[in-house]
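J.: One structure is given below, represented as structure tokens, and several questions about it will come after.
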Amino acid sequence: MKAQMAALFGFDCLDFPGLLDGLPVGVAVLDGQGRVQFLNRALEALTGFAREDAQGLPCRHVLRSRACVQDCPWARGEGEGLGAETDLINRHRRRISVRLTPVRLRDADGREVCRLDVIEDLTPLKEMENRLSLAAGPGQMVGRSQAMEKIQRLLPVIAQSDSPVLITGETGTGKDLLAEALHKASPRSREPFVRFSCGPMPEELLEAELFGRRGQDNDEGRQGRFQQANNGTLSLSEIADLPVQQQARLVRYLDEHTILPLGADKPLRVNVRLIASTNADPEALIRQGRLREDLFHRLSAVRLHLPPLRERGEDVSFLLQHFLGLYAARFKKDIAGFSQKALRLLSGYAFPGNVRELKNIVEFAAMVCTSDQIQPAHLPAHLPGVHEAAAAPARKTSRGNKA
Amino acid sequence: MDRKILVALHKNEVAPRFDLATEALLVTVTDQGEVLESKTLLLAHASGDDLCDLALNKDAGAVVCGAIEEEYYHYLRWKRVDVLDSVVGPVDAVLERLRRGELRAGDVLFPREA
């Protein structure tokens with residue numbers, strides 16, 4: 001190989017194996033038949049094979065990657081130089097995510113000298129991806145209280161059916177999150193999940209937003225949320241804000257699975273699972289005439305109630321720690337937990353904004369925290385008792401100084 | 001006592017990856033090294049779970065394969081199935097070693113061509 005390299009690079013003092021050993025990525029040198037001629041140090045460490053043991057073996061038995069077995073890049077011919085993400089299982093029986101890039105080394109006349117398989121370990125990137133998706137994504141339903149455990153137990157069962165769902169709960173309890181979790185766990189998970197807030201807006205606009213508008217002449221028309229969510233799930237938040245007339249059209253959809261776009265004269269068949277939510281008591285809304293009773297009875301085929309945080313007992317400390325882990329990772333800070341004082345202060349707070357408020361408080365605290373523990377001084381100033389708790393050590397010190 | 005051994009296959013050699021094998025050879029070897037029965041089994045799709053099930057359903061006492069992930073390895077060992085992993089070579093050479101009772105984990109049975 002050294003002679004071949006010397007011919008390739010035009011000087012004979014090149015220490016090619018030494019050069020490969022110095023690289024931070026794994027490299028396997030292969031012959032024309034795909035047999036291993038050399039493994040550099042990085043690849044020895046990654047695969048667990050010593051270069052002497054690997055020499056002469058077909059590369060698929062040394063790299064043991066998914067790409068080698070299912071879609072050998074050398075057998076494909078094309079795509080040379082293009083990396084592919086795959087995984088390998090090393091001699092320590094550990095699965096490792098890697099990028100495999102095939103490279104063909106040619107001499108000046110275009111003749112193949114050898115082939116290289118370049119292997120990058122993607123483990124740190126994958127770990128970071130997981131961490132960031134947890135911190136930045138829509139999140140997941142978490143909780144240790146009885147009420148939340150019950151919902152988590154029911155969720156996969158409810159997700160399997162196509163029945164409409166009514167989610168109730170105060171603001172910030174996670175109604176949107178639960179709707180999304182139901183969609184993700186359902187057979188419709190690969191289809192669209194469309195969220196629509198029935199907030200106040202002109203009735204005609206609302207109708208077009210929900211049911212779409214038929215095109216006229218050169219106008220192509222417009223898809224409504226129902227058409228966008230076809231075969232998937234449509235989540236309607238604050239259903240009681242929907243005018244009663246539109247509520248009647250929802251009743252019609254739930255009965256016939258058809259909608260009538262604005263300006264259209266023929267109904268359109270759509271297949272959408274409806275999840276509605278409200279932060280008010282639905283029975284009270286019916287009494288006030290804000291929610292049609294027939295819609296309520298159709299929607300509440302499955303009814304889920306998310307309790308406010310103040311009724312979720314042990315969830316407060318669990319969620320504090322849970323969100324602290326997420327935000328400490330996002331802000332790249334080494335914060336182990338909350339001080340006793342901060343924890344006492346937070347445990348005594350009612351969290352009227354529920355989980356959303358708790359999450360925002362932890363995000364703020366993690367952002368401003370400069371030590372390894374969240375102190376009262378790191379908590380938002382609007383929390384009752386924060387000023388007193390934050391000032392307490394200072395008073396103690398000043399008294400100490402005086403003494 | 002007769003012993004059943006399941007060899008994960010990829011074409012005519014030991015499968016480089018247990019979880020990606022879609023074929024397996026089930027051989028019954030006597031104490032005297034005689035191969036009583038040899039049967040090729042096909043899987044609908046590559047799956048480590050299915051291959052573990054197959055080995056257990058067929059009462060295999062040992063599994064021969066290339067790379068195997070730790071969880072499958074420990075599961076099979078827990079079910080008292082010997083796992084001879086990191087075996088590299090053509091199936092004929094593997095059968096010959098099995099017949100002689102000389103196959104070990106990590107054996108390389110390809111002729112070395114440097």
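Each chain of the structure tokens is named A, B, ... in the order shown, its residues numbered from 1; ligands are numbered from 1 in display order.
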Please tabulate, as a Markdown table, the residues of chain A that come within 10 Å of chain B, each with its closest pair of atoms and the distance in Å to one decimal, counting only C-alpha atoms and ordering rows by chain, then residue number upward.

T.:
```
| residue | atom | partner | partner_atom | distance |
| --- | --- | --- | --- | --- |
| A:Asp31 | CA | B:Ala114 | CA | 9.2 |
| A:Arg35 | CA | B:Glu113 | CA | 7.9 |
| A:Val36 | CA | B:Ala114 | CA | 8.0 |
| A:Gln37 | CA | B:Ala114 | CA | 6.5 |
| A:Phe38 | CA | B:Ala114 | CA | 9.5 |
| A:Glu52 | CA | B:Ala114 | CA | 10.0 |
| A:Asp53 | CA | B:Val108 | CA | 8.8 |
| A:Ala54 | CA | B:Arg112 | CA | 9.3 |
| A:Gln55 | CA | B:Ala114 | CA | 6.1 |
| A:Gly56 | CA | B:Glu113 | CA | 4.5 |
| A:Leu57 | CA | B:Arg112 | CA | 6.6 |
| A:Pro58 | CA | B:Phe110 | CA | 8.9 |
| A:Cys59 | CA | B:Pro16 | CA | 9.8 |
| A:Arg60 | CA | B:Pro16 | CA | 6.5 |
| A:His61 | CA | B:Pro16 | CA | 5.3 |
| A:Val62 | CA | B:Pro16 | CA | 8.3 |
| A:Leu63 | CA | B:Pro16 | CA | 9.0 |
| A:Arg64 | CA | B:Pro16 | CA | 5.8 |
| A:Ser65 | CA | B:Arg17 | CA | 7.9 |
| A:Arg66 | CA | B:Leu20 | CA | 7.6 |
| A:Cys68 | CA | B:Pro16 | CA | 8.9 |
| A:Val69 | CA | B:Pro16 | CA | 7.3 |
| A:Gln70 | CA | B:Leu20 | CA | 8.0 |
| A:Leu88 | CA | B:Ala67 | CA | 8.7 |
| A:Ile89 | CA | B:Ala67 | CA | 6.0 |
| A:Asn90 | CA | B:Ala67 | CA | 7.0 |
| A:Arg91 | CA | B:Ala67 | CA | 7.0 |
| A:His92 | CA | B:Glu70 | CA | 7.9 |
| A:Arg93 | CA | B:Glu69 | CA | 4.7 |
| A:Arg94 | CA | B:Glu69 | CA | 5.9 |
| A:Arg95 | CA | B:Glu69 | CA | 6.5 |
```

J.: Taking the DSSP assignment computed from this structure's backbone, write out as an NGL selection string all residues of chain B that belong to helix (DSSP H, G or I).

T.: :B and (18-20 or 48-57 or 70-78 or 91-100)

J.: Distance atom CA of B:Val81-atom CA of B:Cys52, one decimal place?

T.: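 Going from atom CA of B:Val81 over to atom CA of B:Cys52 covers 9.8 Å.
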
J.: Tell me, as a list of chain:residue names, which residues lie within 6 Å of stretch 25-37 of chain B, counting only C-alpha atoms; anything in the same chain fewer than 5 positions away does not count.

T.: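 Close residues of stretch 25-37 of chain B: B:Met1, B:Asp2, B:Arg3, B:Lys4, B:Ile5, B:Leu6, B:Val7, B:Arg99, B:Arg100.
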
J.: Go ahead and compute the interatomic distance for atom CA of A:Lys333 and atom CA of A:Leu177, in Å to one decimal.

T.: 26.8 Å

J.: Could you name the residues that touch A:Phe296 at 10 Å or less, counting only C-alpha atoms, but leaving out those on the same chain fewer than 5 positions away, as a compact mmCIF listing (two decimals) with all heavy atoms, in the first residue's frame?

T.:
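See around-v3.txt below for the written result:
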```txt
# COMPACT_ATOMS: atom_id res chain seq x y z
N LEU A 166 -63.62 15.81 23.97
CA LEU A 166 -63.75 17.14 24.58
C LEU A 166 -62.78 17.21 25.75
O LEU A 166 -62.84 16.38 26.67
CB LEU A 166 -65.20 17.35 25.07
CG LEU A 166 -65.45 18.70 25.76
CD1 LEU A 166 -65.25 19.85 24.79
CD2 LEU A 166 -66.84 18.75 26.36
N ILE A 239 -63.77 26.19 22.21
CA ILE A 239 -64.92 25.89 21.35
C ILE A 239 -66.11 26.79 21.65
O ILE A 239 -66.90 27.09 20.76
CB ILE A 239 -65.30 24.38 21.51
CG1 ILE A 239 -66.38 23.95 20.52
CG2 ILE A 239 -65.76 24.05 22.92
CD1 ILE A 239 -65.85 23.71 19.16
N ALA A 240 -66.22 27.26 22.91
CA ALA A 240 -67.37 28.09 23.28
C ALA A 240 -67.30 29.47 22.64
O ALA A 240 -68.30 30.18 22.59
CB ALA A 240 -67.47 28.21 24.79
N GLN A 247 -71.37 26.45 15.32
CA GLN A 247 -71.48 25.22 16.14
C GLN A 247 -72.47 24.25 15.49
O GLN A 247 -72.27 23.05 15.49
CB GLN A 247 -71.93 25.57 17.56
CG GLN A 247 -70.88 26.32 18.36
CD GLN A 247 -71.30 26.55 19.80
OE1 GLN A 247 -72.17 25.85 20.31
NE2 GLN A 247 -70.69 27.52 20.45
N VAL A 251 -72.03 20.32 14.29
CA VAL A 251 -72.95 19.21 14.58
C VAL A 251 -73.23 18.44 13.30
O VAL A 251 -73.19 17.20 13.28
CB VAL A 251 -74.28 19.75 15.19
CG1 VAL A 251 -75.30 18.63 15.32
CG2 VAL A 251 -74.03 20.39 16.54
N ALA A 276 -62.02 18.96 20.66
CA ALA A 276 -62.39 20.32 21.05
C ALA A 276 -61.96 20.54 22.50
O ALA A 276 -61.87 19.58 23.27
CB ALA A 276 -63.90 20.51 20.93
N PRO A 282 -68.34 23.13 30.70
CA PRO A 282 -69.26 23.03 29.57
C PRO A 282 -70.74 23.09 29.98
O PRO A 282 -71.55 23.68 29.26
CB PRO A 282 -68.95 21.67 28.95
CG PRO A 282 -67.84 21.09 29.70
CD PRO A 282 -67.47 21.97 30.82
N GLU A 283 -71.07 22.53 31.14
CA GLU A 283 -72.47 22.57 31.59
C GLU A 283 -72.90 24.04 31.82
O GLU A 283 -74.00 24.43 31.45
CB GLU A 283 -72.67 21.76 32.87
CG GLU A 283 -72.81 20.25 32.64
CD GLU A 283 -71.47 19.55 32.45
OE1 GLU A 283 -70.41 20.22 32.60
OE2 GLU A 283 -71.45 18.35 32.15
N LEU A 285 -71.60 26.61 30.33
CA LEU A 285 -71.66 27.25 29.01
C LEU A 285 -73.01 26.96 28.34
O LEU A 285 -73.57 27.84 27.69
CB LEU A 285 -70.52 26.73 28.12
CG LEU A 285 -69.12 27.21 28.48
CD1 LEU A 285 -68.08 26.44 27.68
CD2 LEU A 285 -68.97 28.70 28.22
N ILE A 286 -73.52 25.75 28.54
CA ILE A 286 -74.83 25.40 27.96
C ILE A 286 -75.92 26.26 28.62
O ILE A 286 -76.78 26.82 27.93
CB ILE A 286 -75.12 23.90 28.15
CG1 ILE A 286 -74.14 23.07 27.31
CG2 ILE A 286 -76.56 23.55 27.74
CD1 ILE A 286 -74.16 21.60 27.59
N LEU A 291 -72.86 27.39 24.43
CA LEU A 291 -72.49 26.11 23.81
C LEU A 291 -73.76 25.33 23.52
O LEU A 291 -74.59 25.11 24.41
CB LEU A 291 -71.57 25.32 24.75
CG LEU A 291 -71.08 23.97 24.25
CD1 LEU A 291 -70.18 24.13 23.03
CD2 LEU A 291 -70.28 23.24 25.35
N ALA A 301 -68.34 12.43 23.64
CA ALA A 301 -68.28 10.96 23.56
C ALA A 301 -67.10 10.51 24.45
O ALA A 301 -67.18 9.53 25.18
CB ALA A 301 -68.06 10.53 22.12
```
